[in-house]
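So the structure is just underneath, and the comments pick up after that.
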Number of protein chains: 6
Amino acid sequence: MEPLAEEWPRMRPGQILFTYYHLAASRELTEAVAATGASCLAYETLEVGRTLPLLTPMSEVAGRMSIQAGAKYLERAHGGSGILLGGVPGVKRARVLVLGGGVVGTNAARMACGLGADVTIMDLDLDRLRYLDEVMPRNCRTVYSTPLAIREHLAHADLVVGAVLIPGAAAPKLVRREDLSILKPGSVIVDVAVDQGGCVETCRPTTHSDPVFEVDGVLHYCVANMPGAVPRTSTMALTNATLSWTLQLARLGLKDALEQSQPLVTAANAIAGKITHKAVAEAFDMEYVAPAVALASL
Amino acid sequence: MEPLAEEWPRMRPGQILFTYYHLAASRELTEAVAATGASCLAYETLEVGRTLPLLTPMSEVAGRMSIQAGAKYLERAHGGSGILLGGVPGVKRARVLVLGGGVVGTNAARMACGLGADVTIMDLDLDRLRYLDEVMPRNCRTVYSTPLAIREHLAHADLVVGAVLIPGAAAPKLVRREDLSILKPGSVIVDVAVDQGGCVETCRPTTHSDPVFEVDGVLHYCVANMPGAVPRTSTMALTNATLSWTLQLARLGLKDALEQSQPLVTAANAIAGKITHKAVAEAFDMEYVAPAVALASL
Amino acid sequence: MEPLAEEWPRMRPGQILFTYYHLAASRELTEAVAATGASCLAYETLEVGRTLPLLTPMSEVAGRMSIQAGAKYLERAHGGSGILLGGVPGVKRARVLVLGGGVVGTNAARMACGLGADVTIMDLDLDRLRYLDEVMPRNCRTVYSTPLAIREHLAHADLVVGAVLIPGAAAPKLVRREDLSILKPGSVIVDVAVDQGGCVETCRPTTHSDPVFEVDGVLHYCVANMPGAVPRTSTMALTNATLSWTLQLARLGLKDALEQSQPLVTAANAIAGKITHKAVAEAFDMEYVAPAVALASL
Amino acid sequence: MEPLAEEWPRMRPGQILFTYYHLAASRELTEAVAATGASCLAYETLEVGRTLPLLTPMSEVAGRMSIQAGAKYLERAHGGSGILLGGVPGVKRARVLVLGGGVVGTNAARMACGLGADVTIMDLDLDRLRYLDEVMPRNCRTVYSTPLAIREHLAHADLVVGAVLIPGAAAPKLVRREDLSILKPGSVIVDVAVDQGGCVETCRPTTHSDPVFEVDGVLHYCVANMPGAVPRTSTMALTNATLSWTLQLARLGLKDALEQSQPLVTAANAIAGKITHKAVAEAFDMEYVAPAVALASL
Amino acid sequence: MEPLAEEWPRMRPGQILFTYYHLAASRELTEAVAATGASCLAYETLEVGRTLPLLTPMSEVAGRMSIQAGAKYLERAHGGSGILLGGVPGVKRARVLVLGGGVVGTNAARMACGLGADVTIMDLDLDRLRYLDEVMPRNCRTVYSTPLAIREHLAHADLVVGAVLIPGAAAPKLVRREDLSILKPGSVIVDVAVDQGGCVETCRPTTHSDPVFEVDGVLHYCVANMPGAVPRTSTMALTNATLSWTLQLARLGLKDALEQSQPLVTAANAIAGKITHKAVAEAFDMEYVAPAVALASL
Amino acid sequence: MEPLAEEWPRMRPGQILFTYYHLAASRELTEAVAATGASCLAYETLEVGRTLPLLTPMSEVAGRMSIQAGAKYLERAHGGSGILLGGVPGVKRARVLVLGGGVVGTNAARMACGLGADVTIMDLDLDRLRYLDEVMPRNCRTVYSTPLAIREHLAHADLVVGAVLIPGAAAPKLVRREDLSILKPGSVIVDVAVDQGGCVETCRPTTHSDPVFEVDGVLHYCVANMPGAVPRTSTMALTNATLSWTLQLARLGLKDALEQSQPLVTAANAIAGKITHKAVAEAFDMEYVAPAVALASL
């Protein structure tokens with residue numbers, strides 16, 4: 001889902017590339033982009049209104065997968081406390097705490113509810129909580145997020161899902177190292193926000209081949225690219241979201257497409273090798289060229 | 001719903017009365033019955049298989065009302081802790097513990113779920129818990145009842161509904177006086193089993209005009225005849241259940257009806273003034289006459 | 001939930017008070033505020049867009065409580081018709097008519113549905129009715145509100161909830177005195193809009209200690225401060241809504257906070273004793289000072 | 001789904017036929033069966049316990065179809081009152097009255113609920129009503145069936161489904177001719193019990209090609225073989241139910257199969273041409289031979 | 001629901017007519033309007049924001065009816081494949097493909113889900129699909145619409161509902177003639193978009209009296225005015241939507257009403273006989289007069 | 001959850017052991033039991049009516065876990081096809097085929113539905129399918145099980161759960177080796193019946209440490225003791241089911257308990273070292289002693 005290093009040299013002037021880039025995270029890739037003279041539109045910066053619609057599908061997949069991962073690592077053999085999310089009749093259900101009621105959190109909560117757990121979803125946006133109260137299954141409670149409320153709920157949680165992402169900013173550290181001692185031994189934390197630093201202080205990115213580590217008796221699952229595990233679903237979800245933009249580029253060509261579509265302009269990280277995204281240029285102290293200027297020279 | 005004292009003298013030989021009696025609770029009423037020579041069939045002892053179908057409608061009404069009563073006495077002005085059963089979005093829900101998963105308990109739990117509370121229903125019958133797990137709303141959990149589990153859940157409960165009735169026996173004391181200290185101050189107990197002694201040790205029957213009392217900071221609501229508060233619903237419910245028996249008596253007359261219907265025999269407490277129900281006769285050391293013998297002499 | 005009279009003298013210059021005021025309803029309080037030189041921000045006038053977000057939590061609580069109150073006063077002993085909201089299997093359910101599909105009405109309807117009643121919710125906003133049709137339980141019908149439709153539904157209603165509030169205006173009188181004769185004897189009206197004059201003509205504010213009165217055989221429950229009965233829930237709900245504003249005031253101080261936040265300006269009824277809210281100034285013919293002017297003099 | 005007349009001569013001695021027969025309704029068919037010497041097992045008399053499991057699938061299909069038919073004939077062009085079963089948001093739903101809570105009635109009610117109507121299901125079996133109250137959608141009410149309750153509900157019904165079948169007996173006439181005047185003009189009655197005489201007095205069997213007639217302004221839909229309209233579904237449903245019996249006959253042969261299976265004995269209407277079903281023999285004053293006797297002579 | 005030809009001469013100068021017109025479809029009607037000097041406001045062009053709120057009620061009714069029609073024509077006797085939408089327990093359900101997730105499609109899908117079918121709803125708007133995923137019953141799947149996905153789903157569909165309408169434009173042809181061969185014989189297409197040319201290439205408008213035709217073994221139901229079949233529901237739905245506009249016209253008179261309400265201006269097709277709607281004027285090469293100009297001359 | 005080998009020598013005459021034994025599977029254990037003279041009551045043979053209530057809790061846990069396991073092995077990194085069970089809005093869901101509608105299958109289907117998959121449950125018991133149709137979520141279809149239907153559904157399944165267990169018999173082989181080629185590559189089979197030989201021909205027991213193997217491109221998950229992975233839940237579930245029997249044994253002692261409780265007799269595999277269970281005695285050609293005889297000699 002990310003451009004492979006060996007593919008870079010193949011980019012050529014005149015080419016338009018439309019994919020995930022995360023240029024700000026790699027000087028090497030950014031310089032290669034500049035050197036080839038290609039035009040690079042990045043999924044992750046394409047904005048419509050204040051939303052990032054090409055990140056949403058991955059958030060949906062990651063949110064849903066977080067519960068599968070959590071259920072698995074709660075198994076005793078994987079180091080968890082050995083509780084089944086939904087319990088069985090007569091035996092208490094596990095408690096799932098979902099931090100954040102956005103796309104990731106809502107999808108996580110829905111899956112946890114579906115498996116029969118007792119679910120609490122926390123957020124600072126009361127209107128969002130009101131909507132969730134109307135459409136979520138009845139075993140999902142909504143609670144306004146405060147440091148106190150988080151700690152109270154951590155004490156009872158078997159599974160914690162970190163789902164607080166603030167576009168373009170590091171995720172806030174809602175669970176700190178000292179909070180881990182509140183959790184029961186064998187509890188599991190799945191931090192879906194790990195890409196942006198995580199909303200749990202003790203999280204650091206892991207991989208599908210070595211997905212978990214333990215801190216203070218609590219399992220941490222922090223795979224950075226969770227959707228990569230279900231490529232059939234993820235690819236379809238991503239394609240659904242990118243198709244209309246791709247068609248627009250194909251029909252109009254780069255110049256006309258960007259002139260007619262502001263969202264495509266927000267996606268443009270490089271035009272003909274010139275860096276047209278401020279944050280990327282600043283990250284590596286490279287020259288920033290306004291998209292309109294770069295387009296005019298095409 | 002009970003025959004008024006002033007009505008007794010009006011009973012006459014040859015008359016058939018079919019209503020609630022509870023003769024074993026009143027020597028005066030029993031002797032009056034014997035004196036009149038009337039035939040008295042009691043709703044509360046009519047058995048079909050092992051069920052008491054003329055008690056079921058009252059259990060349904062009482063179970064549903066128990067939550068209305070509990071919600072009301074949780075209000076601060078009535079002495080309760082001031083919590084709303086369903087909370088509101090962002091604020092935690094109250095917890096309701098229902099002891100017993102029979103008719104009363106299921107109806108209570110369904111209403112509490114409907115108001116949005118976190119509900120736990122306890123019972124000893126695992127097959128019943130499995131069925132409830134399939135048909136109850138998702139905010140109803142089922143837990144196998146043990147003394148330990150009861151105490152664990154009392155610690156978190158805002159409202160406790162006592163709904164354990166064992167036909168023909170005193171209700172077991174599932175909550176003892178010393179358990180009250182586990183409950184939060186301002187919690188409310190509604191004991192629907194109070195007619196049979198209550199499943200909460202500190203309960204004693206109260207009336208609609210003076211329904212609650214407080215013990216150790218916990219409100220007790222123990223109105224003995226809860227369905228009496230909603231007579232339009234209760235009367236319809238009761239009539240639905242008694243109608244077919246009444247028609248049978250009216251069509252066939254007492255003698256033929258009892259010869260053809262074993263359930264009506266179980267209802268017969270007195271036939272032509274002879275006490276034909278063993279427990280009643282024993283209660284007051286009166287002569288017991290087998291129904292068949294009493295019928296033969298008609 | 002309202003500042004007590006004996007607390008007024010304690011307000012001092014330089015103090016910032018952020019709470020419910022309703023100054024326009026009390027010359028005494030307004031003059032005291034002016035005399036102390038304190039700055040008073042009122043919850044009830046804080047606007048975000050066209051909403052009043054610090055009134056919403058109280059509407060949620062009141063809406064949910066209206067059904068508890070209605071269920072209680074439908075009991076025969078309290079003067080109601082003696083019907084149980086949800087009926088029982090085989091016996092018809094009570095009918096609940098909710099006038100208004102906003103926050104109060106939706107919360108009322110949801111609780112009534114949860115108790116198993118037959119619920120009709122009326123509103124003039126078709127798009128709102130469409131949304132409710134999608135998310136409400138199946139025993140909630142939506143009906144477009146016309147005088148004719150209201151009268152048709154009054155004829156069958158056991159419980160009527162008045163839930164029409166128009167921000168900053170008197171509630172429209174949807175049920176008039178002559179309409180009471182359409183209702184069945186023993187029906188109950190709960191008018192949640194009573195704070196703003198009520199949407200039922202015969203309503204006047206009552207208190208938790210004397211909550212109901214009867215007109216033409218219909219019980220009226222019109223407690224002006226319903227959420228006061230469940231302070232544990234109401235306080236949490238209110239704090240969730242006010243917390244972020246309180247923090248903003250605490251972090252920035254009054255001057256900076258109001259300069260950065262337009263909603264806080266709409267809350268400002270008095271700044272350093274100067275009346276900065278037009279409606280309040282006009283109500284008592286006092287001098288109005290624009291907030292910016294008053295702030296500049298701090 | 002019924003043996004065609006021209007097929008009768010093809011039946012031969014030694015043959016086993018297992019299908020719907022309804023011999024008691026046709027002397028011609030019964031005599032033909034006797035003449036051929038074939039063995040005829042009838043789906044409609046096969047009993048397991050007190051149920052007729054090979055009629056159930058057709059009842060399921062007919063119950064579900066009754067609502068489709070009702071919805072269609074409520075259309076104005078077909079003579080109905082022009083109401084849509086589920087209404088739309090803001091417009092009242094149609095009311096559907098289902099007489100009988102067995103297989104037909106439950107399937108009818110479920111479909112009507114699914115289309116968004118206000119549904120009432122009536123039955124005399126309170127335990128059945130209690131179960132339906134637990135598993136049916138919330139827009140389905142249960143009401144105990146009395147002549148009074150039926151008439152009260154007829155006055156509001158847009159669609160009435162007759163679904164009362166008593167195995168082996170004529171259906172009771174729950175709606176009489178004089179009751180039609182209670183119904184609104186343009187209302188529709190679908191009588192699924194028409195095969196057994198109908199539970200609506202004015203019903204008489206109709207066909208798919210001429211399905212409805214009108215009496216006193218009320219449309220009557222009384223197609224005797226409703227499942228015949230959806231043969232793909234009906235055939236699968238029937239085959240699912242008959243397969244295990246067919247396999248048993250095929251594996252064991254007639255004699256052994258009947259010796260091992262009491263339900264197959266109840267299905268046997270003729271064995272080697274001898275009439276082995278009492279009701280059939282009596283209907284045409286033919287000789288009855290006990291199945292065991294007939295089998296012994298094979 | 002459309003003005004009858006014989007009514008035109010009765011229009012008089014000074015009159016205001018507010019109804020469905022579709023002037024652009026009839027030179028005769030347009031010229032008559034101009035000749036009478038009446039003012040004609042058309043439901044179908046009244047815009048609020050980008051919505052057409054006086055078309056919405058008809059879309060709701062048509063969407064819900066499309067499933068009733070589809071279920072009926074799937075019956076064998078009507079030429080369909082003989083499958084019951086919801087199947088029965090043990091027998092597979094029919095599959096319903098709904099093209100378009102707007103008002104028509106959502107209402108269609110909800111009814112199909114209610115009847116127990118396996119439903120797929122397709123749309124290009126991912127945010128809409130996300131909302132539907134949250135509020136629709138669980139037997140409704142959402143799929144992003146592409147030509148490939150449509151063809152894949154056509155292969156399994158028993159019933160296809162065309163529900164793609166683009167305001168003011170011809171509906172896109174999502175199903176082409178050659179796609180019909182993918183469908184199973186006896187499948188049914190209901191094209192609700194037929195008013196705007198249909199989203200199925202082989203569709204052409206039909207009437208309630210002759211509603212279906214067959215192409216390549218597939219039944220086409222394309223009644224142009226489906227809501228006309230349920231006038232009691234449709235009239236109420238329409239009146240609910242038009243009432244407030246009608247009252248505004250009645251209270252203010254034409255001139256003031258149009259000066260105060262931009263939506264009423266968009267509805268104005270003719271003012272005092274002058275054509276004030278550009279598309280209508282252009283359609284017949286008549287003179288266009290701006291509404292403000294026409295109003296000034298009143 | 002099974003007695004460890006090193007524990008055997010510790011069994012002593014007079015001791016009563018009540019646990020899982022599976023003696024018929026181990027001559028060594030059976031002979032040890034006989035040698036010690038202990039009395040051994042086996043959970044797995046305790047019968048109430050025709051049910052095995054001490055196996056039910058493990059079936060519930062295993063059924064629920066089967067979906068967690070299936071979801072995990074469908075991930076690409078684990079060898080699966082990379083599909084997410086519930087898909088996301090706009091992307092198709094995975095299909096889950098559950099073979100068997102008993103305790104295991106129902107619990108599996110409920111979890112799969114909760115995760116948003118398209119679920120089909122197959123069984124031979126039509127009454128069971130009818131019940132499931134009433135209480136299962138709407139994305140669960142019921143299909144009558146035939147070899148043809150199984151193969152048709154295998155072709156579309158992403159996950160197959162084998163849940164057919166016949167008490168006391170080897171599970172039938174519903175999926176044969178040659179059927180694997182019908183499945184899509186990367187599909188997953190979870191055979192919960194593996195303890196009894198499996199209902200999938202290619203299954204053989206695996207362990208939590210090496211849980212899967214691949215045959216013909218299809219992953220097989222066949223862990224024999226699935227509940228062992230969630231001991232906190234499984235132990236509670238088992239204890240709930242065994243507690244009342246344990247108490248009975250403790251209160252009455254072995255002799256009286258068995259004389260009063262037929263289910264405990266069915267559990268008795270050895271009494272004072274004598275083999276009192278026929279199947280066990282026959283398995284190893286040991287002497288069978290009737291329980292009553294063995295008890296008499298105590």
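Just so we're on the same page: first chain in the structure tokens is A, next is B, and so on; residues restart at 1 for each chain, and ligands are numbered from 1 in the order they show up.
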Report the closest atom pair, with its distance in Å rounded to one decimal, for each residue of chain A that has an atom no farther than 9 Å from chain E; count only C-alpha atoms, sort by chain and then rising residue number, and write it as JSON lines.
```
{"residue": "A:Val135", "atom": "CA", "partner": "E:Val135", "partner_atom": "CA", "distance": 6.4}
{"residue": "A:Met136", "atom": "CA", "partner": "E:Glu134", "partner_atom": "CA", "distance": 7.8}
{"residue": "A:Ala237", "atom": "CA", "partner": "E:Tyr144", "partner_atom": "CA", "distance": 8.8}
{"residue": "A:Asn240", "atom": "CA", "partner": "E:Tyr144", "partner_atom": "CA", "distance": 6.4}
{"residue": "A:Ala241", "atom": "CA", "partner": "E:Leu126", "partner_atom": "CA", "distance": 7.4}
```
Can you spit out the residues from that selection as a PDB file, in the first residue's frame, using N, CA and C atoms?
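Just written: selection_1.pdb:
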```pdb
ATOM      1  N   VAL A 135     -27.806   5.424  17.191  1.00  0.00           N
ATOM      2  CA  VAL A 135     -27.645   4.397  16.153  1.00  0.00           C
ATOM      3  C   VAL A 135     -26.848   3.167  16.593  1.00  0.00           C
ATOM      4  N   MET A 136     -26.161   3.241  17.724  1.00  0.00           N
ATOM      5  CA  MET A 136     -25.351   2.079  18.104  1.00  0.00           C
ATOM      6  C   MET A 136     -26.214   1.040  18.818  1.00  0.00           C
ATOM      7  N   ALA A 237     -11.964  -1.168  -0.708  1.00  0.00           N
ATOM      8  CA  ALA A 237     -12.406   0.021   0.019  1.00  0.00           C
ATOM      9  C   ALA A 237     -11.660   1.252  -0.476  1.00  0.00           C
ATOM     10  N   ASN A 240     -12.709   2.191  -4.127  1.00  0.00           N
ATOM     11  CA  ASN A 240     -14.007   2.885  -4.141  1.00  0.00           C
ATOM     12  C   ASN A 240     -13.823   4.381  -3.876  1.00  0.00           C
ATOM     13  N   ALA A 241     -12.897   4.690  -2.967  1.00  0.00           N
ATOM     14  CA  ALA A 241     -12.728   6.088  -2.568  1.00  0.00           C
ATOM     15  C   ALA A 241     -11.894   6.874  -3.564  1.00  0.00           C
TER      16      ALA A 241
END
```
Practice problem: Could you find all residues in stretch 178-258 of chain C that DSSP calls alpha helix (DSSP H) from the backbone, and write them as a list in words? | Solution: Pro231, Arg232, Thr233, Ser234, Thr235, Met236, Ala237, Leu238, Thr239, Asn240, Ala241, Thr242, Leu243, Ser244, Trp245, Thr246, Leu247, Gln248, Leu249, Ala250, Arg251, Leu252, Gly253, Leu254, Lys255, Asp256, Ala257 and Leu258 of chain C
Any idea what's packed within 8 Å of stretch 92-101 of chain C, counting only C-alpha atoms, ignoring anything in its chain fewer than 3 positions away? Could you give it as a tab-separated table (two decimals) with C-alpha atoms, in the first residue's frame?
```
chain	number	residue	atom	x	y	z
B	233	THR	CA	-54.49	-3.04	32.59
C	83	ILE	CA	-53.26	2.02	32.59
C	84	LEU	CA	-49.75	0.55	32.34
C	85	LEU	CA	-47.75	2.17	29.54
C	86	GLY	CA	-46.64	-1.04	27.86
C	87	GLY	CA	-49.68	-3.13	28.73
C	88	VAL	CA	-48.87	-6.82	29.03
C	89	PRO	CA	-49.14	-9.56	26.40
C	104	VAL	CA	-37.05	16.78	24.55
C	105	GLY	CA	-39.52	14.97	22.34
C	106	THR	CA	-37.08	12.44	20.95
C	108	ALA	CA	-39.40	11.22	25.67
C	109	ALA	CA	-40.47	9.08	22.73
C	112	ALA	CA	-42.00	5.54	25.99
C	116	GLY	CA	-43.61	-0.73	25.23
C	117	ALA	CA	-46.20	1.97	24.61
C	118	ASP	CA	-47.71	2.91	21.24
C	119	VAL	CA	-45.98	6.22	20.57
C	120	THR	CA	-46.74	9.00	18.10
C	121	ILE	CA	-44.35	11.89	17.67
C	122	MET	CA	-45.53	15.05	15.90
C	123	ASP	CA	-43.50	17.80	14.34
C	128	ARG	CA	-36.69	15.58	11.17
C	129	LEU	CA	-39.60	13.12	10.96
C	153	HIS	CA	-54.58	11.89	18.32
C	154	LEU	CA	-55.64	13.52	21.59
C	156	HIS	CA	-56.81	8.23	21.78
C	157	ALA	CA	-53.92	9.40	23.94
C	158	ASP	CA	-53.39	8.19	27.49
C	159	LEU	CA	-50.31	10.36	27.98
C	160	VAL	CA	-49.46	13.62	26.21
C	161	VAL	CA	-45.98	15.11	26.40
C	162	GLY	CA	-45.65	18.77	25.51
C	163	ALA	CA	-42.17	19.13	24.02
C	164	VAL	CA	-42.37	22.12	21.72
D	141	ARG	CA	-49.18	-5.75	19.46
D	142	THR	CA	-50.73	-8.87	20.95
D	143	VAL	CA	-54.36	-8.87	22.02
```
Skip F:Val188 itself and residues of its chain fewer than 4 positions away, then list as number ranges by chain all residues within 8 Å of it, counting only C-alpha atoms. F: 70, 73-74, 80, 158-160, 218-221
**Asked** Hey, what does DSSP flag as strand (DSSP E or B) within stretch 39-116 of chain F? Can you give it to me as a list of chain:residue names?
**Response** F:Ser39, F:Cys40, F:Leu41, F:Ala42, F:Val48, F:Thr51, F:Gly90, F:Arg95, F:Val96, F:Leu97, F:Val98, F:Leu99
> What's the 10 Å shell around A:Glu287, counting only C-alpha atoms, without same-chain residues fewer than 6 positions away, as number ranges by chain?
Replying inline: A: 274-278, 280-281
Residues near A:Glu178, cut-off 12 Å, only C-alpha atoms, skip fewer than 5 positions along chain, as an mmCIF file with C-alpha atoms, in the first residue's frame:
```
data_model
loop_
_atom_site.group_PDB
_atom_site.id
_atom_site.type_symbol
_atom_site.label_atom_id
_atom_site.label_comp_id
_atom_site.auth_asym_id
_atom_site.auth_seq_id
_atom_site.Cartn_x
_atom_site.Cartn_y
_atom_site.Cartn_z
ATOM 1 C CA ARG A 151 -9.036 6.234 34.591
ATOM 2 C CA LEU A 154 -9.508 1.656 32.625
ATOM 3 C CA LYS A 173 -1.583 10.748 25.119
ATOM 4 C CA LEU A 183 -5.529 -2.047 34.227
ATOM 5 C CA VAL A 200 -1.273 5.463 24.596
ATOM 6 C CA GLU A 201 2.087 6.629 25.882
ATOM 7 C CA THR A 202 3.666 3.194 25.972
ATOM 8 C CA VAL A 215 4.466 -3.407 29.412
ATOM 9 C CA ASP A 216 3.589 -3.694 33.102
ATOM 10 C CA VAL A 218 -0.557 -5.219 29.721
#
```
**OP:** Pick out the residues sitting within 8 Å of stretch 261-265 of chain C, and hand them over as a list in words; count only C-alpha atoms, and ignore anything fewer than 4 positions along from it in its own chain.
**Re:**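 Listing them by chain and then by number gives Leu41, Leu46, Glu47, Val48, Trp245, Ala257 and Pro291 of chain C.
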Quick one: distance from atom CA of A:Asp285 to atom CA of A:Pro53 in Å, one decimal?
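Spanning atom CA of A:Asp285 to atom CA of A:Pro53 is a straight-line distance of 28.3 Å.
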